[in-house]
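Have a look at the structure below before the remarks.
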Amino acid sequence: MFPNPSNLGRPPFPPKDQQQSNFINKLPLNIPPTLLSHQQIVDARFSFQNAAALLSGNLATIPAVTLQPMTYGNGSTVHMSDAPTSFRGRKRLREQSGPHDVKRQRFNSHCPETTVVNQAVPLPEERRYSFPGSVQSPLLHAHYTPDLTGCVPPLQDTLFPEPIETTLPVAKDKLSQQVLDLFQACQQQTCDLNRKELCRTELQREIQRIFPQSRLYLVGSSLNGFGTRSSDGDLCLVVKEEPVNQKTEARHILSLVQKLFSTKLSSYIERPQLIRAKVPIVKFRDKVSCVEFDLNVNNVVGIRNTFLLRTYAYIENRVRPLVLVVKKWASFHEINDASRGTLSSYSLVLMVLHYLQTLPEPILPSLQKNYPESFDPAMQLRLVHRAPCTIPPYFSKNGSSLGDLLIGFFKYYATEFDWSHQMISVREAKAIPRPDGTEWRNKFICVEEPFDGTNTARAVHEKQKFDMIRGEFLKSWQVLREKKDLNCILPLRPAMQKR
């Protein structure tokens with residue numbers, strides 16, 4: 001059933017996958033990677049030089065970055081980022097960054113009372129193949145034109161797209177302004193996304209030498225709108241349309257990928273490790289982009305929820321800043337690491353969305369209820385990226401400020417949500433009774449995955465960790481309610497330096 005590791009050119013599943021398929025067999029194969037020239041990187045369109053300093057309020061000049069040439073395995077020269085090369089565990093640290101190395105960006109707006117910022121994470125154009133199979137090869141000059149009636153930023157036509165103006169809520173109080181400042185300092189930039197995309201493109205080309213029918217997807221926070229400058233990259237290797245046994249088949253495939261990384265690609269792939277979890281992954285670091293990646297096999301629910309979350313991120317302008325500050329807060333208080341028995345970033349995002357859905361005057365709807373055809377779990381993977389472009393903005397009557405929403409978020413999980421009997425459901429847009437299944441029994445926190453219904457918070461399996469998480473919600477609510485100062489629960493200067 002599996003290919004011989006010594007025969008790297010053989011398809012993984014020759015009899016079955018050479019038959020007709022609605023997905024895999026329609027995909028363009030062996031697409032060369034898209035690499036940036038030195039000038040393209042230098043000319044990236046970010047107007048930092050005229051921005052106001054986040055912390056001091058004074059104008060500052062961004063120091064020039066010295067780009068050091070480095071090559072991927074095919075010999076093409078690319079350039080390393082200025083990110084530090086050291087990292088610990090899953091979260092890469094950015095302490096070497098200066099306190100003012102990212103300035104708040106302002107652009108002229110037609111509305112003088114509205115803050116407008118550069119769109120930090122535009123969805124990449126298909127020729128970059130983050131979502132392979134959505135269009136034919138660019139050699140055939142075929143392009144997909146998305147529906148532009150929705151509010152979610154559409155696919156772009158260039159590696160460095162023109163800035164898309166995205167309005168942010170107006171901050172009329174200190175706490176709300178602090179939330180906005182942190183968001184604008186730490187949100188993922190287009191250059192961060194492009195570095196991950198360069199690695200994905202190169203790895204796809206190399207992996208297709210072993211699994212010619214496979215495609216490699218960039219998923220997770222890098223594309224769902226909730227990424228930061230220090231976000232890791234998540235990759236999903238789709239080897240066939242049918243499900244893959246994660247305990248046997250996926251592990252075997254990943255062992256071949258790990259061998260490829262540690263031998264042929266060792267010049268730019270560092271420390272590849274096979275992690276035998278429920279969904280096994282290969283963890284590695286790309287020396288060129290200085291990004292740490294997790295690569296799984298056929299965990300296609302991650303592709304679907306990437307676009308569901310991306311839609312939530314952009315249909316209401318308070319969502320992204322609120323999610324980012326909650327993720328930063330949880331990381332600072334050491335409750336944002338599933339490998340250590342606390343909450344994953346994905347669970348935290350779902351918790352924020354759920355809170356915004358359950359307010360007396362909701363700020364978010366249930367997209368899966370309102371647009372079932374756009375988020376159909378059976379939709380072909382090559383089509384899922386189109387759904388966000390068709391969803392219009394959501395106009396809520398709730399005019400709460402970012403500061404009030406943040407305080408309310410902590411209060412909800414500290415005093416209102418029933419952890420013992422309820423499950424967080426973004427799909428239903430409400431708290432629902434816990435199921436009786438074994439996955440939910442004796443679990444301290446239950447967060448429903450919107451597509452496959454599993455518990456995304458299953459890592460919290462110790463009462464000590466659960467009590468610590470609840471305690472942080474309670475303490476932060478009490479302090480923030482009294483002080484109305486984000487620094488009291490999350491020191492802003494270190495958070496902005498770390499990004």
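Here's how to read the names in the structure tokens: chain A, B, ... by the order shown, residue numbers from 1 in each chain, ligand numbers from 1 in the order shown.
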
* **Neighbour list for A:Ser345 as a list in words, cut-off 7 Å, only C-alpha atoms, skip fewer than 4 positions in-chain** =>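 Skipping anything fewer than 4 positions along the chain leaves Lys327, Asn336 and Val349 of chain A.
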
Output the selection as a PDB file, in the first residue's frame - all heavy atoms for each residue.
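Once everything was written out, this is again.pdb:
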ATOM      1  N   LYS A 327      -5.355  36.292  22.252  1.00  0.00           N
ATOM      2  CA  LYS A 327      -4.263  35.341  22.022  1.00  0.00           C
ATOM      3  C   LYS A 327      -2.986  35.813  22.707  1.00  0.00           C
ATOM      4  O   LYS A 327      -2.257  35.010  23.316  1.00  0.00           O
ATOM      5  CB  LYS A 327      -4.037  35.152  20.519  1.00  0.00           C
ATOM      6  CG  LYS A 327      -5.142  34.372  19.821  1.00  0.00           C
ATOM      7  CD  LYS A 327      -4.978  34.384  18.314  1.00  0.00           C
ATOM      8  CE  LYS A 327      -3.734  33.676  17.857  1.00  0.00           C
ATOM      9  NZ  LYS A 327      -3.641  33.629  16.371  1.00  0.00           N
ATOM     10  N   ASN A 336      -1.835  29.169  26.626  1.00  0.00           N
ATOM     11  CA  ASN A 336      -2.037  29.082  25.179  1.00  0.00           C
ATOM     12  C   ASN A 336      -1.038  28.093  24.575  1.00  0.00           C
ATOM     13  O   ASN A 336      -0.256  28.440  23.694  1.00  0.00           O
ATOM     14  CB  ASN A 336      -1.878  30.468  24.546  1.00  0.00           C
ATOM     15  CG  ASN A 336      -2.044  30.472  23.038  1.00  0.00           C
ATOM     16  OD1 ASN A 336      -1.520  31.335  22.348  1.00  0.00           O
ATOM     17  ND2 ASN A 336      -2.776  29.510  22.494  1.00  0.00           N
ATOM     18  N   VAL A 349      -9.673  31.275  19.543  1.00  0.00           N
ATOM     19  CA  VAL A 349     -10.415  32.002  18.504  1.00  0.00           C
ATOM     20  C   VAL A 349     -11.893  31.621  18.547  1.00  0.00           C
ATOM     21  O   VAL A 349     -12.772  32.489  18.512  1.00  0.00           O
ATOM     22  CB  VAL A 349      -9.821  31.716  17.112  1.00  0.00           C
ATOM     23  CG1 VAL A 349     -10.702  32.333  16.027  1.00  0.00           C
ATOM     24  CG2 VAL A 349      -8.405  32.270  17.007  1.00  0.00           C
TER      25      VAL A 349
END

* **A:Glu428 surroundings by only C-alpha atoms, 12 Å radius, close-in-sequence under 3 positions cut, as a ChimeraX atom specification** => /A:350,353-354,357-358,364-370,423-425,431-433,447-451,453

* To do: Return as a PyMOL selection string the full set of residues in stretch 339-494 of chain A whose backbone-based DSSP assignment is strand (DSSP E).
  => chain A and resi 422-425+430-433

* Go through stretch 295-338 of chain A and collect every residue that DSSP, computed from the backbone, puts in alpha helix (DSSP H); the answer should be as a PyMOL selection string. => chain A and resi 301-315+319-332

* Any idea what's packed within 10 Å of A:Gly302, counting only C-alpha atoms, ignoring anything in its chain fewer than 2 positions away? Could you give it as an MDAnalysis selection string? -> chainID A and resid 217:220 234:236 296 298:300 304:308 451

I'd like the contact shell of stretch 171-186 of chain A - 6 Å cut-off, only C-alpha atoms, skipping same-chain residues fewer than 6 positions apart - returned as a compact mmCIF listing (two decimals) with all heavy atoms, in the first residue's frame.
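Written out: result27.txt:
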# COMPACT_ATOMS: atom_id res chain seq x y z
N VAL A 102 7.99 48.22 14.35
CA VAL A 102 6.76 48.20 13.57
C VAL A 102 5.92 49.38 14.00
O VAL A 102 5.57 49.49 15.16
CB VAL A 102 5.96 46.90 13.78
CG1 VAL A 102 4.65 46.97 13.02
CG2 VAL A 102 6.77 45.71 13.29
N ARG A 104 2.59 52.09 13.69
CA ARG A 104 1.19 52.09 13.30
C ARG A 104 1.04 52.75 11.94
O ARG A 104 1.59 53.82 11.70
CB ARG A 104 0.37 52.82 14.35
CG ARG A 104 -1.12 52.70 14.16
CD ARG A 104 -1.81 52.76 15.50
NE ARG A 104 -1.36 53.93 16.24
CZ ARG A 104 -2.16 54.94 16.58
NH1 ARG A 104 -3.42 54.90 16.25
NH2 ARG A 104 -1.71 55.94 17.26
N THR A 228 -0.32 36.63 13.59
CA THR A 228 0.55 37.71 14.04
C THR A 228 1.88 37.58 13.31
O THR A 228 2.12 36.65 12.56
CB THR A 228 0.80 37.61 15.56
OG1 THR A 228 1.54 36.42 15.84
CG2 THR A 228 -0.52 37.59 16.33
N ARG A 229 2.77 38.55 13.56
CA ARG A 229 4.06 38.52 12.89
C ARG A 229 4.89 37.33 13.33
O ARG A 229 5.80 36.89 12.62
CB ARG A 229 4.82 39.82 13.16
CG ARG A 229 4.08 41.06 12.68
CD ARG A 229 5.01 42.06 12.08
NE ARG A 229 5.61 41.56 10.86
CZ ARG A 229 6.57 42.20 10.19
NH1 ARG A 229 7.04 43.34 10.65
NH2 ARG A 229 7.06 41.69 9.08
N PRO A 321 -9.07 42.57 15.97
CA PRO A 321 -8.33 43.13 17.11
C PRO A 321 -8.63 42.41 18.42
O PRO A 321 -7.72 42.19 19.23
CB PRO A 321 -8.81 44.59 17.16
CG PRO A 321 -9.28 44.89 15.77
CD PRO A 321 -9.86 43.60 15.27
N LEU A 402 -14.24 48.22 21.76
CA LEU A 402 -13.32 47.10 21.93
C LEU A 402 -12.98 46.86 23.40
O LEU A 402 -12.89 45.72 23.86
CB LEU A 402 -12.03 47.35 21.14
CG LEU A 402 -12.10 47.14 19.63
CD1 LEU A 402 -10.81 47.65 18.98
CD2 LEU A 402 -12.31 45.67 19.30
N GLY A 403 -12.82 47.94 24.16
CA GLY A 403 -12.51 47.81 25.57
C GLY A 403 -13.63 47.13 26.34
O GLY A 403 -13.40 46.24 27.16
N LYS A 484 -9.23 49.46 33.82
CA LYS A 484 -9.45 49.87 32.41
C LYS A 484 -8.13 50.16 31.70
O LYS A 484 -8.03 51.08 30.88
CB LYS A 484 -10.34 51.13 32.34
CG LYS A 484 -11.70 50.99 32.99
CD LYS A 484 -12.64 50.15 32.16
CE LYS A 484 -14.09 50.33 32.58
NZ LYS A 484 -14.38 50.09 34.00
N ASP A 485 -7.10 49.38 32.04
CA ASP A 485 -5.78 49.57 31.45
C ASP A 485 -5.23 48.19 31.06
O ASP A 485 -5.03 47.33 31.92
CB ASP A 485 -4.85 50.24 32.46
CG ASP A 485 -3.46 50.55 31.89
OD1 ASP A 485 -3.17 50.11 30.75
OD2 ASP A 485 -2.68 51.23 32.57
N ARG A 499 5.82 40.61 19.19
CA ARG A 499 4.95 40.61 18.01
C ARG A 499 4.32 39.26 17.80
O ARG A 499 3.90 38.94 16.71
CB ARG A 499 5.69 41.07 16.78
CG ARG A 499 6.17 42.52 16.90
CD ARG A 499 6.71 43.06 15.61
NE ARG A 499 7.95 42.40 15.22
CZ ARG A 499 8.62 42.73 14.12
NH1 ARG A 499 8.19 43.64 13.32
NH2 ARG A 499 9.74 42.08 13.81

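Rounded to one decimal, atom CA of A:Pro435 and atom CA of A:Tyr355 lie 20.2 Å from each other.
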
* Asked: In Å to one decimal, how far is atom CA of A:Ser231 from atom CA of A:Val291?
  -> 8.2 Å

* Do you have the atom CA of A:Leu237-atom CA of A:Phe261 distance handy? ->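 Spanning atom CA of A:Leu237 to atom CA of A:Phe261 is a straight-line distance of 14.2 Å.
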